[in-house]
Every structure is written in structure tokens, then in C-alpha cells.
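Chemist: Got a file for you: run_27.cif, mmCIF, C-alpha atoms.
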data_upload
#
loop_
_atom_site.label_atom_id
_atom_site.label_comp_id
_atom_site.auth_asym_id
_atom_site.auth_seq_id
_atom_site.Cartn_x
_atom_site.Cartn_y
_atom_site.Cartn_z
CA MET J 1 120.13 -58.44 135.87
CA LEU J 2 120.84 -58.66 132.15
CA LYS J 3 118.12 -57.56 129.78
CA ILE J 4 117.34 -59.94 126.92
CA ILE J 5 117.47 -58.00 123.66
CA SER J 6 114.86 -58.84 121.04
CA ALA J 7 115.63 -59.07 117.36
CA LYS J 8 113.39 -58.34 114.40
CA SER J 9 113.95 -61.69 112.70
CA SER J 10 112.69 -64.83 114.38
CA ASN J 11 115.31 -67.46 113.65
CA PRO J 12 115.64 -69.47 116.86
CA TYR J 13 118.91 -71.27 117.37
CA VAL J 14 120.96 -73.18 119.91
CA ILE J 15 124.73 -72.97 120.10
CA VAL J 16 127.51 -75.17 121.44
CA LEU J 17 130.63 -73.33 122.68
CA VAL J 18 133.66 -75.56 123.24
CA ASP J 19 136.95 -74.70 124.91
CA GLY J 20 138.92 -77.11 122.74
CA ASP J 21 142.18 -76.70 124.63
CA GLY J 22 140.70 -78.50 127.62
CA ALA J 23 137.72 -80.41 126.23
CA LYS J 24 139.23 -82.86 123.77
CA PHE J 25 137.36 -85.03 121.31
CA GLU J 26 137.30 -88.81 121.63
CA ASP J 27 140.55 -90.57 120.75
CA SER J 28 138.96 -92.55 117.91
CA LEU J 29 137.78 -89.32 116.29
CA ILE J 30 141.16 -87.59 116.58
CA ARG J 31 143.06 -90.62 115.24
CA ASP J 32 140.82 -90.79 112.17
CA THR J 33 142.54 -88.00 110.28
CA GLU J 34 140.51 -88.49 107.11
CA SER J 35 136.95 -88.50 108.45
CA GLY J 36 137.27 -87.95 112.23
CA GLY J 37 136.33 -84.29 112.01
CA SER J 38 133.20 -85.06 110.03
CA LYS J 39 132.24 -87.83 112.45
CA ALA J 40 132.79 -85.48 115.40
CA ALA J 41 130.50 -82.83 113.91
CA ASN J 42 127.74 -85.37 113.27
CA ALA J 43 128.16 -86.94 116.71
CA LEU J 44 127.94 -83.52 118.36
CA LYS J 45 124.78 -82.65 116.41
CA LYS J 46 123.28 -86.02 117.37
CA GLN J 47 123.88 -85.36 121.08
CA VAL J 48 122.33 -81.89 120.85
CA ASP J 49 119.29 -83.40 119.12
CA ARG J 50 119.06 -86.05 121.86
CA HIS J 51 119.04 -83.36 124.54
CA LEU J 52 116.34 -81.35 122.77
CA ARG J 53 114.13 -84.35 122.02
CA GLY J 54 110.68 -84.01 123.52
CA THR J 55 111.01 -80.25 124.07
CA SER J 56 109.67 -77.28 122.14
CA LEU J 57 113.11 -76.97 120.54
CA GLU J 58 113.04 -80.41 118.93
CA HIS J 59 112.08 -78.95 115.55
CA GLY J 60 112.59 -75.64 113.78
CA VAL J 61 115.82 -74.44 115.40
CA ASP J 62 119.26 -74.07 113.88
CA VAL J 63 122.20 -75.68 115.65
CA PHE J 64 125.57 -73.94 115.66
CA ALA J 65 128.85 -75.05 117.20
CA ARG J 66 132.15 -73.29 117.71
CA VAL J 67 135.28 -75.01 118.99
CA TYR J 68 138.08 -72.68 120.08
CA ALA J 69 141.57 -74.16 120.32
CA ASN J 70 145.21 -73.23 120.01
CA PHE J 71 146.22 -75.50 117.13
CA HIS J 72 149.93 -75.27 117.87
CA GLY J 73 149.66 -76.11 121.55
CA LEU J 74 146.86 -78.66 121.22
CA GLY J 75 148.63 -80.28 118.28
CA LYS J 76 151.75 -80.79 120.39
CA VAL J 77 149.74 -82.38 123.19
CA LEU J 78 147.91 -84.74 120.84
CA ARG J 79 151.09 -85.69 119.00
CA GLN J 80 153.02 -86.36 122.19
CA SER J 81 150.16 -88.51 123.42
CA GLY J 82 150.32 -90.63 120.29
CA LEU J 83 146.93 -89.58 118.88
CA ILE J 84 148.30 -87.79 115.81
CA ARG J 85 151.63 -87.88 114.01
CA TYR J 86 151.80 -84.32 112.74
CA ILE J 87 150.09 -81.04 113.50
CA ASP J 88 148.64 -81.18 109.98
CA ASP J 89 146.48 -84.07 111.20
CA LEU J 90 144.73 -81.70 113.60
CA GLN J 91 144.15 -79.23 110.79
CA LYS J 92 142.59 -82.01 108.69
CA PHE J 93 140.31 -82.82 111.61
CA ALA J 94 139.30 -79.16 111.90
CA ARG J 95 138.57 -78.89 108.18
CA GLY J 96 136.41 -82.01 108.31
CA PHE J 97 134.48 -80.66 111.30
CA THR J 98 133.95 -77.25 109.69
CA ASN J 99 132.96 -78.53 106.24
CA THR J 100 130.49 -81.16 107.43
CA ARG J 101 127.71 -78.99 108.78
CA PRO J 102 126.76 -75.35 108.16
CA GLY J 103 127.33 -73.34 111.30
CA PHE J 104 129.97 -75.69 112.72
CA ASP J 105 133.45 -74.18 113.05
CA VAL J 106 136.82 -74.87 114.63
CA VAL J 107 138.63 -71.60 115.36
CA ASP J 108 142.41 -71.44 115.76
CA VAL J 109 143.13 -68.91 118.51
CA ASP J 110 146.90 -68.93 117.92
CA TYR J 111 149.52 -68.98 120.67
CA GLY J 112 148.94 -68.71 124.38
CA LYS J 113 147.38 -70.99 126.97
CA GLY J 114 143.99 -69.62 127.90
CA ASN J 115 143.31 -68.10 124.49
CA ALA J 116 140.46 -70.54 123.88
CA ASP J 117 138.63 -69.48 127.03
CA SER J 118 139.32 -65.80 126.37
CA LYS J 119 137.78 -66.17 122.93
CA ILE J 120 134.63 -67.70 124.38
CA ARG J 121 134.49 -64.87 126.89
CA ARG J 122 135.34 -61.95 124.62
CA GLU J 123 135.19 -62.61 120.90
CA HIS J 124 132.46 -60.80 118.99
CA CYS J 125 130.39 -63.15 116.82
CA GLU J 126 131.03 -62.58 113.12
CA ARG J 127 128.29 -64.71 111.56
CA ALA J 128 125.87 -62.57 109.51
CA HIS J 129 122.94 -64.57 110.85
CA PHE J 130 123.76 -63.34 114.35
CA CYS J 131 124.88 -59.85 113.43
CA GLN J 132 121.35 -58.72 112.60
CA LEU J 133 121.15 -57.99 116.31
CA ILE J 134 122.23 -54.56 117.51
CA LEU J 135 124.04 -54.76 120.81
CA THR J 136 124.79 -52.02 123.29
CA LEU J 137 127.67 -53.68 125.13
CA GLU J 138 130.82 -51.80 125.97
CA ALA J 139 132.91 -54.99 125.69
CA PRO J 140 131.61 -57.69 123.32
CA ASP J 141 131.43 -61.00 125.15
CA LEU J 142 130.50 -64.05 123.13
CA LEU J 143 128.83 -65.97 125.94
CA LYS J 144 126.91 -62.92 127.15
CA TRP J 145 126.18 -61.96 123.56
CA HIS J 146 124.26 -65.15 122.88
CA TYR J 147 122.65 -65.09 126.31
CA MET J 148 121.19 -61.65 125.63
CA ASP J 149 119.89 -62.66 122.19
CA SER J 150 116.22 -63.67 122.49
CA ARG J 151 116.62 -65.98 119.49
CA CYS J 152 119.20 -68.08 121.31
CA LYS J 153 117.13 -70.73 123.04
CA LYS J 154 119.91 -72.88 124.49
CA ILE J 155 123.66 -72.55 125.10
CA PHE J 156 125.64 -75.75 125.57
CA LEU J 157 128.86 -74.75 127.30
CA VAL J 158 131.70 -77.31 127.15
CA VAL J 159 134.00 -75.73 129.73
CA CYS J 160 133.56 -77.68 132.98
CA HIS J 161 137.27 -78.52 133.11
CA ASP J 162 138.13 -74.87 133.87
CA ALA J 163 136.85 -73.31 137.10
CA GLY J 164 137.69 -69.88 135.69
CA TYR J 165 134.42 -69.87 133.77
CA VAL J 166 132.42 -69.77 136.99
CA HIS J 167 133.28 -66.07 137.33
CA ASP J 168 131.80 -65.41 133.88
CA LEU J 169 128.68 -67.45 134.53
CA ARG J 170 127.62 -65.95 137.85
CA PRO J 171 126.28 -62.68 136.33
CA LEU J 172 124.03 -64.78 134.07
CA LEU J 173 122.22 -66.52 136.92
CA ASP J 174 118.64 -65.25 136.66
CA GLU J 175 115.21 -66.50 135.63
CA ASN J 176 116.53 -67.25 132.14
CA SER J 177 119.63 -69.20 133.15
CA ASP J 178 117.89 -72.52 132.42
CA ARG J 179 118.93 -71.79 128.83
CA ILE J 180 122.52 -72.61 129.80
CA VAL J 181 123.53 -76.27 129.91
CA LEU J 182 126.98 -77.29 131.10
CA VAL J 183 128.52 -80.21 129.21
CA GLU J 184 130.86 -82.30 131.35
CA THR J 185 133.86 -83.96 129.69
CA THR J 186 136.53 -84.75 132.25
CA PRO J 187 135.09 -84.57 135.79
CA ALA J 188 133.73 -81.07 136.34
CA GLU J 189 135.40 -78.76 138.81
CA PRO J 190 133.35 -78.91 142.06
CA VAL J 191 132.74 -75.16 142.08
CA PHE J 192 130.39 -75.52 139.09
CA GLU J 193 127.84 -77.19 141.38
CA SER J 194 127.32 -73.89 143.18
CA LEU J 195 125.82 -72.39 140.00
CA GLY J 196 122.81 -74.70 140.00
CA LEU J 197 122.90 -75.06 136.20
CA SER J 198 121.88 -78.16 134.28
CA VAL J 199 124.74 -80.55 133.54
CA THR J 200 124.82 -83.18 130.82
CA GLN J 201 127.33 -85.34 128.97
CA PHE J 202 127.78 -85.83 125.24
CA GLU J 203 128.63 -89.51 124.94
CA ASP J 204 131.00 -90.63 122.18
CA VAL J 205 132.01 -87.03 121.47
CA PHE J 206 134.50 -85.86 124.13
CA ARG J 207 137.09 -87.63 126.27
CA ASP J 208 135.93 -88.30 129.81
CA ALA J 209 139.44 -88.63 131.27
CA PRO J 210 142.56 -86.43 131.14
CA LEU J 211 144.96 -87.13 128.30
CA GLU J 212 147.93 -89.28 129.29
CA PRO J 213 151.41 -89.21 127.69
CA GLY J 214 151.97 -91.80 124.98
CA ALA J 215 154.37 -94.69 125.36
CA GLY J 216 156.84 -93.19 122.92
CA LEU J 217 157.38 -90.01 124.89
CA HIS J 218 160.35 -88.87 126.90
CA THR J 219 159.20 -89.69 130.41
CA PRO J 220 161.17 -90.09 133.63
CA LEU J 221 163.55 -92.98 133.12
CA SER J 222 163.69 -94.41 136.61
CA PRO J 223 161.76 -94.33 139.87
CA VAL J 224 162.96 -92.19 142.72
CA GLN J 225 163.18 -93.23 146.36
CA LYS J 226 162.18 -90.18 148.35
CA ALA J 227 163.31 -89.33 151.83
CA PRO J 228 160.59 -89.66 154.50
CA ASN J 229 160.66 -85.96 155.28
CA GLN J 230 160.52 -84.90 151.65
CA LEU J 231 158.51 -81.75 151.06
CA ALA J 232 157.55 -80.93 147.49
CA GLY J 233 157.32 -77.48 146.00
CA ALA J 234 154.19 -76.34 144.25
CA THR J 235 153.68 -76.62 140.50
CA PRO J 236 154.05 -73.28 138.66
CA SER J 237 151.39 -72.13 136.20
CA GLN J 238 153.73 -71.36 133.34
CA ARG J 239 154.55 -72.84 129.95
CA SER J 240 152.24 -75.75 130.15
CA ALA J 241 153.88 -78.03 127.58
CA VAL J 242 156.61 -79.62 129.63
CA ALA J 243 158.31 -82.83 128.48
CA GLY J 244 156.33 -85.90 129.36
CA ALA J 245 152.84 -84.96 130.51
CA GLN J 246 152.95 -81.56 128.81
CA PRO J 247 149.59 -80.32 130.00
CA GLU J 248 150.08 -77.29 127.98
CA ARG J 249 152.42 -74.60 127.75
CA TYR J 250 150.69 -72.92 124.91
CA GLY J 251 153.56 -70.93 123.57
CA SER J 252 153.10 -67.23 124.29
CA VAL J 253 156.16 -65.46 125.65
CA GLU J 254 155.48 -63.81 128.99
CA GLN J 255 157.80 -61.41 130.76
CA ARG J 256 158.83 -63.17 133.92
CA SER J 257 161.67 -62.90 136.34
CA GLY J 258 162.91 -64.52 139.48
CA SER J 259 164.23 -67.88 140.50
CA TYR J 260 162.60 -71.29 140.57
CA ALA J 261 162.18 -70.93 144.30
CA LYS J 262 159.88 -67.97 143.66
CA VAL J 263 158.16 -69.55 140.66
CA CYS J 264 157.34 -72.78 142.48
CA GLY J 265 156.03 -70.91 145.50
CA ASP J 266 158.14 -72.75 148.07
CA ASN J 267 161.89 -72.49 148.49
CA ARG J 268 162.04 -75.38 150.92
CA HIS J 269 163.76 -78.52 149.72
CA GLN J 270 164.62 -82.02 150.86
CA ASN J 271 167.06 -84.70 149.90
CA ILE J 272 166.67 -87.10 147.01
CA VAL J 273 168.19 -90.58 146.80
CA LEU J 274 168.45 -92.30 143.43
CA SER J 275 167.70 -95.99 143.07
CA LYS J 276 171.03 -97.82 143.07
CA GLY J 277 170.09 -100.23 140.32
CA ASN J 278 169.36 -97.55 137.73
CA LYS J 279 172.01 -96.54 135.25
CA ARG J 280 170.43 -93.19 134.37
CA ARG J 281 168.60 -90.52 136.30
CA PRO J 282 165.03 -89.36 135.88
CA LEU J 283 164.62 -86.21 133.82
CA VAL J 284 165.77 -83.27 135.88
CA ILE J 285 166.78 -79.66 135.48
CA ASN J 286 169.81 -78.53 137.43
CA LEU J 287 169.49 -75.37 139.54
CA ASN J 288 172.24 -73.30 141.11
CA GLU J 289 172.28 -71.85 144.62
CA ASP J 290 169.99 -69.02 143.51
CA GLY J 291 167.42 -71.46 142.14
CA ASN J 292 168.16 -70.51 138.53
CA ARG J 293 168.48 -73.04 135.72
CA ILE J 294 171.96 -74.09 134.65
CA ASP J 295 172.49 -75.87 131.36
CA ALA J 296 174.31 -79.18 131.16
CA SER J 297 177.75 -79.13 129.57
CA ILE J 298 178.16 -80.36 126.00
CA GLN J 299 180.99 -82.79 125.31
CA ASN J 300 181.92 -82.19 121.67
CA ALA J 301 181.17 -78.51 121.12
CA PHE J 302 184.72 -77.44 120.25
CA ASN J 303 186.01 -80.34 118.16
CA ALA J 304 187.44 -78.80 114.97
CA LYS J 305 186.82 -81.86 112.78
CA THR J 306 183.23 -82.14 113.96
CA ARG J 307 182.56 -78.48 113.24
CA ALA J 308 183.98 -78.85 109.72
CA THR J 309 181.81 -81.85 108.79
CA TYR J 310 178.77 -80.22 110.38
CA ARG J 311 179.19 -77.07 108.30
CA GLN J 312 179.59 -79.11 105.12
CA LYS J 313 176.26 -80.82 105.78
CA LEU J 314 174.63 -77.55 106.81
CA ALA J 315 175.49 -76.04 103.42
CA LYS J 316 173.46 -78.81 101.76
CA ALA J 317 170.58 -78.75 104.22
CA LYS J 318 167.05 -77.76 103.28
CA LYS J 319 166.73 -73.98 103.69
CA GLY J 320 170.27 -74.08 105.10
CA ALA J 321 169.00 -75.08 108.54
CA PHE J 322 168.60 -78.21 110.66
CA CYS J 323 165.27 -78.40 112.49
CA ASN J 324 165.91 -78.12 116.23
CA ARG J 325 162.68 -79.90 117.08
CA HIS J 326 163.55 -82.88 114.92
CA TYR J 327 167.22 -83.28 115.83
CA ILE J 328 167.53 -82.26 119.47
CA GLN J 329 164.09 -81.82 120.98
CA ASN J 330 161.02 -84.01 121.36
CA GLY J 331 160.30 -84.40 117.64
CA CYS J 332 158.86 -82.00 115.07
CA GLU J 333 155.07 -81.92 114.81
CA TRP J 334 155.26 -80.71 111.21
CA GLY J 335 156.96 -83.89 110.01
CA PRO J 336 157.69 -83.93 106.25
CA ASN J 337 155.93 -80.57 105.86
CA CYS J 338 158.56 -78.76 107.93
CA ILE J 339 160.47 -76.14 105.96
CA MET J 340 163.79 -77.13 107.56
CA GLU J 341 166.04 -80.17 107.20
CA HIS J 342 164.91 -83.51 108.65
CA ALA J 343 166.36 -86.15 106.34
CA MET J 344 170.12 -85.63 106.60
CA GLU J 345 171.87 -87.82 109.16
CA LEU J 346 174.10 -86.19 111.77
CA THR J 347 176.70 -88.05 113.79
CA LEU J 348 176.47 -87.99 117.56
CA GLU J 349 179.33 -85.52 117.68
CA GLU J 350 177.63 -83.28 115.09
CA LEU J 351 174.45 -83.38 117.15
CA ASP J 352 176.44 -82.14 120.13
CA PHE J 353 177.75 -79.24 118.07
CA HIS J 354 174.24 -78.47 116.84
CA ARG J 355 173.07 -78.37 120.47
CA PHE J 356 175.81 -75.88 121.23
CA LYS J 357 174.78 -73.68 118.29
CA ALA J 358 171.17 -73.72 119.49
CA ARG J 359 172.35 -72.72 122.96
CA THR J 360 173.83 -69.49 121.60
CA GLY J 361 170.28 -68.11 121.34
CA PRO J 362 168.78 -66.99 124.70
CA CYS J 363 165.58 -68.71 125.79
CA PRO J 364 162.74 -66.16 126.18
CA TYR J 365 161.93 -67.76 129.55
CA GLY J 366 165.50 -67.35 130.75
CA PRO J 367 166.50 -69.06 134.00
CA THR J 368 162.87 -69.91 134.84
CA CYS J 369 162.32 -72.23 131.86
CA THR J 370 160.82 -75.61 132.84
CA ASP J 371 161.04 -77.34 129.45
CA MET J 372 163.42 -80.30 129.72
CA HIS J 373 163.82 -80.38 125.93
CA CYS J 374 164.31 -76.63 125.44
CA SER J 375 167.13 -76.16 122.95
CA ARG J 376 167.86 -72.50 123.75
CA GLY J 377 170.41 -71.14 126.19
CA HIS J 378 169.44 -70.24 129.75
CA HIS J 379 172.78 -68.58 130.37
CA CYS J 380 175.77 -67.99 128.11
CA PRO J 381 177.03 -71.34 126.74
CA LEU J 382 180.62 -70.07 127.07
CA ASP J 383 180.28 -69.60 130.83
CA PRO J 384 182.25 -69.20 132.98
CA SER J 385 184.79 -67.76 130.52
CA CYS J 386 182.82 -65.60 128.07
CA GLU J 387 184.70 -62.39 127.21
CA ARG J 388 182.49 -61.08 124.41
CA ARG J 389 181.32 -57.54 125.10
CA ASP J 390 178.53 -57.86 122.51
CA CYS J 391 177.23 -61.17 123.87
CA GLN J 392 173.43 -61.11 123.70
CA PHE J 393 173.21 -62.86 127.07
CA ARG J 394 174.42 -59.61 128.66
CA ARG J 395 171.22 -57.79 127.64
CA SER J 396 168.47 -60.36 128.11
CA GLY J 397 165.08 -59.61 129.64
CA PHE J 398 166.41 -61.20 132.84
CA GLY J 399 169.53 -59.06 133.02
CA ASP J 400 173.06 -60.32 132.48
CA LEU J 401 172.83 -64.11 132.10
CA HIS J 402 176.52 -64.85 132.63
CA LEU J 403 177.47 -67.18 135.46
CA SER J 404 180.69 -67.55 137.39
CA ARG J 405 182.12 -71.00 138.02
CA GLY J 406 180.58 -71.01 141.48
CA LYS J 407 177.15 -70.09 140.14
CA MET J 408 177.32 -72.98 137.66
CA LYS J 409 177.41 -75.54 140.45
CA ALA J 410 174.27 -77.69 140.76
CA VAL J 411 172.85 -77.22 144.24
CA TYR J 412 169.25 -78.29 143.56
CA VAL J 413 167.50 -80.38 140.96
CA MET J 414 163.97 -79.93 139.67
CA MET J 415 162.09 -83.14 138.93
CA LEU J 416 159.82 -83.06 135.90
CA PRO J 417 157.00 -82.87 135.12
CA ASN J 418 155.80 -81.95 138.63
CA CYS J 419 158.35 -79.15 139.23
CA ARG J 420 159.45 -80.49 142.62
CA ILE J 421 162.76 -79.22 143.95
CA TYR J 422 165.22 -81.32 145.93
CA ALA J 423 168.71 -80.83 147.30
CA GLU J 424 171.37 -82.21 144.98
CA LEU J 425 173.64 -84.20 147.30
CA ASP J 426 176.08 -85.79 144.90
CA HIS J 427 177.59 -83.09 142.69
CA ARG J 428 180.01 -85.59 141.19
CA LYS J 429 177.12 -87.20 139.32
CA ARG J 430 176.52 -84.20 137.14
CA MET J 431 174.45 -84.30 133.98
CA VAL J 432 175.80 -83.81 130.48
CA GLU J 433 174.24 -83.76 127.05
CA GLY J 434 175.72 -86.49 124.95
CA VAL J 435 174.95 -89.73 123.17
CA SER J 436 171.93 -90.55 125.32
CA PHE J 437 170.55 -87.28 126.65
CA PRO J 438 170.54 -86.91 129.58
CA GLU J 439 173.16 -89.30 130.84
CA GLN J 440 175.16 -89.61 134.02
CA ILE J 441 178.97 -89.49 134.05
#
Translate the structure of the given file into C-alpha cells.

Modeler:
Amino acid sequence: MLKIISAKSSNPYVIVLVDGDGAKFEDSLIRDTESGGSKAANALKKQVDRHLRGTSLEHGVDVFARVYANFHGLGKVLRQSGLIRYIDDLQKFARGFTNTRPGFDVVDVDYGKGNADSKIRREHCERAHFCQLILTLEAPDLLKWHYMDSRCKKIFLVVCHDAGYVHDLRPLLDENSDRIVLVETTPAEPVFESLGLSVTQFEDVFRDAPLEPGAGLHTPLSPVQKAPNQLAGATPSQRSAVAGAQPERYGSVEQRSGSYAKVCGDNRHQNIVLSKGNKRRPLVINLNEDGNRIDASIQNAFNAKTRATYRQKLAKAKKGAFCNRHYIQNGCEWGPNCIMEHAMELTLEELDFHRFKARTGPCPYGPTCTDMHCSRGHHCPLDPSCERRDCQFRRSGFGDLHLSRGKMKAVYVMMLPNCRIYAELDHRKRMVEGVSFPEQI
């Protein structure tokens, strides 16, 4: 049982801890880039006051709130869902939230999915008001830290979307655990019920449904008729921001190896039949016989005239670089604030050449990458005829990423965003990057 540590000063407080990667604020608040953050802070304070009304904590306690989020990853999700235009909009929201009320903060936890929850679990509190307390913990834990502080009268924990917090909450279940209140946003994971903690909702503050992709996103282009005996592979827990739904691949580079068959947890596959009336396929990633990603061929990579005009434009480009996200990916979240070129127009052929140039850099996720719009190379773009001894694809973290002609044959396809693998029956209908990526030839 944890021992509550007393402090000399008697400044009672309540605190709201929010895993902002999973618990997202109401759409109307996020869209209001000028005053949404301020409105969110006031709405959150109002809901805390409502919960404390009629109790001994109604008066004379300070209210603090900390929202932990990965700005880069969350910004991409919100932008791709149509709630914000640029990642700067999220930063404006955070500034408004932080500047509205003393003790209210939004903390950027940088890259990596799960960083928000790790901060709630591990980060040492820096506020001088709290640091009057002397702790004797071997590993500072923010949740436990407040729980052990006798001045902390209530902890509102906005984490019910993530069952991983149950492990951290179980050691706190004692005669004082009525101080913890779970705040439900999207439907809480069932395992939270086993804790027996109070559960409430903060109306008009957080979304009560998962975020859906916006209409302007790259989503599967046509329905798929599945064979009756189709058996889907499991969804891998890696790089959560995949084209379309993009639940969140929050950016950190992990060292991984192996094929898609291993990543998806099931190397079984079934046939797929495309609807006859559709001109183009759904978004897919081609896999070879080993289950490794193979990049689509690029039509105009070696046209001398195209390369010449491209290089002329590149010399005039902002910072001497074209932004990959703007030109060949799913759009740049930085918009006009990006340090690289956005404004210059490239022809379709020049875009093809730019794709080829981007492919010359190995993807850190190698052959296991599940990002449809990834611009990096997943094997040498000169395959199957690369003869360069110093080619950087020979010394990648996944070994030598050079493929023979046989290994470049599409045997399976992975359907996005659910990572299901099917047998590729018709190899003649291969995918290429061209005028309308991806298109069927």
C-alpha cells in the first residue's frame, strides 16, 4: 500500500491529466484556431467545477490541468481529418489553452506514439507549487506523485481510451482511491470497469467518438469484392499514421526486421477479386514472395529533358529543395511556413523524377513500411540492375536491400489501412507511379 506523504504547506489542489494523443478535444474547439484553446481551458475548468459542486472541494482548491500530446503526430491526424489546415493551428490552440488559466498547460512530448502516456506515467512535476514536497521515489511517476501528495484532493484522469493505464492504476487501489476519477471520452476500454473507480464525462470538452478521415483524404478508391473464404491478417502495431485513417504512427524510428507476414502475425492469405467496373484499384502495397515491400516502378525517371528542366527549377527553389510532403505525399502540414519549396509548379514528368530522387534515400522502416504515401525507398530504386558498390541500400539496418528481378515480382498485396494481405492473382495489372498515383496499366 502506498503511503500518502504530507507536506508542510496546506494548498489543496485537484489536477486533470490528459493523454492528448488519444483524448481529443471537441471538433468545434480545434477548428477555432484563434480562441479554441482558450474556450477549451474554460470548458474544462467548468466541468471540474461541476463535478466538485456540493462537495468539500467546491471552494478553496486550485485546479491544474496538463495535456500531454505529440504535436507532430496529433497535428497530422487533425489535419488529415480536416479539423486544421496546418500544424501551426494546433500550436495556436495549445498557446490559447496554456495562456488562459494559470496552471493549465499543453506539453509537447515530441516524436513517438505512446509518449503522451509515458509522460503521464513517468514525468516528474516541475511546477514550484508542487515541488515543495520531498519525495522518496526511486522512479518519479507523475500519476503516483500526485496520488501520494496529501494536498492533491482529486485526480481526473482522461485516459480511458488506452487499456495500458490499467496496469499503472492497480497499485493505487486502496482506501484513498476514491480521489481518482476516470474521465471517459470515446467509449472506455471494458477492462477499466474492473478497477471500481468513479467514471464521469466532461461534456462539450472532448470528442465522444473516434476521429474519422476527412473527405479530402486519400482513401481507398474502390470497393473490393472478397472471396468467401477470405482470411484477413492481423493489424500490426507500428507506425500508426497510415494513409487514410492514420490512427497514429507517431514518428519515432524503431529498429525492426522481418517480413510483412511476420509483422501482421499471420502469413495466411486468400484471393482478392477487383470490381470489374472500377478503373483504378484501392490503395495497396505490393509484396514479393518473401512478404517484403516492393516499390512501384516510375515511368519518367530517366528522361534527359525532364531531368534538365527539373534541375533548372530546383536551382531556383526555396532553400534549394522541393518539399516531399507537398509534392508527392499527402500534403505538408506546415503549409506556407514550411522552409522548403511549395509554390513552384512541376510538370507530371518532373514529379516522376522527383519521386525517383526521393526513392534514393532508404526508408528507416525498410521493407516493413506500411505508409502508402512514403516517399523513401524500400529497396534500391535501380533494382534489379544496380552495380554501385557504395550504394547505401547495401548497408541498411535491414541488410542488403537489393532485389533480383524475381524478387521484384508482386505475389501479395496489402490492403490499407487495415493491413490485410491477399494473393495477387493478376500480375499483369501491376501498379506504377504516374499521373494519377497509383494507377493501373

Chemist: CA of Tyr147 (chain J) to CA of Arg179 (chain J): how many Å, to one decimal?

Modeler: 8.1 Å

Chemist: Quick check, in Å to one decimal: how far apart do CA of Asn176 (chain J) and CA of Met148 (chain J) lie?

Modeler: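 Going from CA of Asn176 (chain J) over to CA of Met148 (chain J), I get 9.8 Å.
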
Chemist: Nearest to Leu401 (chain J): which of J:Cys152, J:Leu195, J:Cys363, J:Ile180 is it, counting only C-alpha atoms?

Modeler: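 Going through J:Cys152, J:Leu195, J:Cys363, J:Ile180 one by one, the smallest distance to Leu401 (chain J) is for J:Cys363.
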
Chemist: Provide the CA of Asn42 (chain J) to CA of Asp141 (chain J) distance in Å, to one decimal place.

Modeler: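 Spanning CA of Asn42 (chain J) to CA of Asp141 (chain J) is a straight-line distance of 27.4 Å.
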
Chemist: Mind telling me what the PyMOL selection byres ((chain J and resi 186) around 6) catches here, as a PyMOL selection string?

Modeler: chain J and resi 185+187+208-209

Chemist: Just give me the residues with any atom within 6 Å of (139.1, -84.1, 110.8), file coordinates, counting all atoms listed in the file, written as a count of residues only.

Modeler: 11

Chemist: Once the PyMOL selection byres ((chain J and resi 58) around 12) is applied to the coordinates I shared, what remains selected? I want it as a PyMOL selection string.

Modeler: chain J and resi 12-14+46+48-57+59-63+153-154

Chemist: To test your reading of the syntax: which residues would the PyMOL selection byres ((chain J and resi 306) around 10) return for the file shown? Reply as a PyMOL selection string.

Modeler: chain J and resi 300-305+307-311+347-353

Chemist: Within 6 Å of region 331-345 of chain J, counting only C-alpha atoms, which residues show up once you throw out same-chain ones fewer than 6 positions away? Write them as a ChimeraX atom specification, please.

Modeler: /J:86-87,317-319,321-323,325

Chemist: Out of J:Asp383, J:Phe206, J:Met408, J:Val183, which residue has the shortest atom-to-atom distance to Arg293 (chain J) when counting all atoms listed in the file?

Modeler: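 Of the candidates, the smallest distance to Arg293 (chain J) is held by J:Met408.
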
Chemist: Can you work out which one of J:Leu44, J:Asp390, J:Val106, J:Asp168 has the shortest atom-to-atom distance to Gln201 (chain J), counting all atoms listed in the file?

Modeler: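 Using all atoms listed in the file, Gln201 (chain J) sits closest to J:Leu44.
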
Chemist: So, counting all atoms listed in the file, which residue among J:Leu169, J:Gly196, J:Asp400, J:Ser297 is closest to Arg359 (chain J)?

Modeler: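 Closest to Arg359 (chain J) of all the choices is J:Ser297.
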
Chemist: For Ile328 (chain J), please output as a list in words all residues within 8 Å (counting all atoms listed in the file; exclusion window: fewer than 4 positions along the same chain).

Modeler: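 With the cut-off at 8 Å, the set is Asn324, Leu351, Arg355, His373 and Ser375 of chain J.
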
Chemist: Tell me which residues come within 10 Å of (170.7, -69.1, 137.6), as a list in words, counting only C-alpha atoms in the file's coordinates.

Modeler: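 Output of the proximity query reads Gly258, Ser259, Tyr260, Asn286, Leu287, Asn288, Glu289, Asp290, Gly291, Asn292, Arg293, Ile294, Asp295, Gly366, Pro367, Thr368, His378, His379, Leu401, His402, Leu403, Lys407, Met408, Lys409 and Ala410 of chain J.
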
Chemist: Export, as a PDB file, keeping the file's coordinate frame, the selected residues with C-alpha atoms.

Modeler:
ATOM      1  CA  GLY J 258     162.910 -64.520 139.480  1.00  0.00           C
ATOM      2  CA  SER J 259     164.230 -67.880 140.500  1.00  0.00           C
ATOM      3  CA  TYR J 260     162.600 -71.290 140.570  1.00  0.00           C
ATOM      4  CA  ASN J 286     169.810 -78.530 137.430  1.00  0.00           C
ATOM      5  CA  LEU J 287     169.490 -75.370 139.540  1.00  0.00           C
ATOM      6  CA  ASN J 288     172.240 -73.300 141.110  1.00  0.00           C
ATOM      7  CA  GLU J 289     172.280 -71.850 144.620  1.00  0.00           C
ATOM      8  CA  ASP J 290     169.990 -69.020 143.510  1.00  0.00           C
ATOM      9  CA  GLY J 291     167.420 -71.460 142.140  1.00  0.00           C
ATOM     10  CA  ASN J 292     168.160 -70.510 138.530  1.00  0.00           C
ATOM     11  CA  ARG J 293     168.480 -73.040 135.720  1.00  0.00           C
ATOM     12  CA  ILE J 294     171.960 -74.090 134.650  1.00  0.00           C
ATOM     13  CA  ASP J 295     172.490 -75.870 131.360  1.00  0.00           C
ATOM     14  CA  GLY J 366     165.500 -67.350 130.750  1.00  0.00           C
ATOM     15  CA  PRO J 367     166.500 -69.060 134.000  1.00  0.00           C
ATOM     16  CA  THR J 368     162.870 -69.910 134.840  1.00  0.00           C
ATOM     17  CA  HIS J 378     169.440 -70.240 129.750  1.00  0.00           C
ATOM     18  CA  HIS J 379     172.780 -68.580 130.370  1.00  0.00           C
ATOM     19  CA  LEU J 401     172.830 -64.110 132.100  1.00  0.00           C
ATOM     20  CA  HIS J 402     176.520 -64.850 132.630  1.00  0.00           C
ATOM     21  CA  LEU J 403     177.470 -67.180 135.460  1.00  0.00           C
ATOM     22  CA  LYS J 407     177.150 -70.090 140.140  1.00  0.00           C
ATOM     23  CA  MET J 408     177.320 -72.980 137.660  1.00  0.00           C
ATOM     24  CA  LYS J 409     177.410 -75.540 140.450  1.00  0.00           C
ATOM     25  CA  ALA J 410     174.270 -77.690 140.760  1.00  0.00           C
TER      26      ALA J 410
END

Chemist: Using all atoms listed in the file, which of J:Val159, J:Leu211, J:Val205, J:Asp174 sits nearest Leu74 (chain J)?

Modeler: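 With all atoms listed in the file as the atom set, the closest residue is J:Leu211.
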
Chemist: Measuring atom to atom with all atoms listed in the file, identify which of J:Asp105, J:Glu203, J:Glu175, J:Asp21 is nearest to Ser38 (chain J).

Modeler: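 Among the listed residues, the smallest separation from Ser38 (chain J) belongs to J:Asp105.
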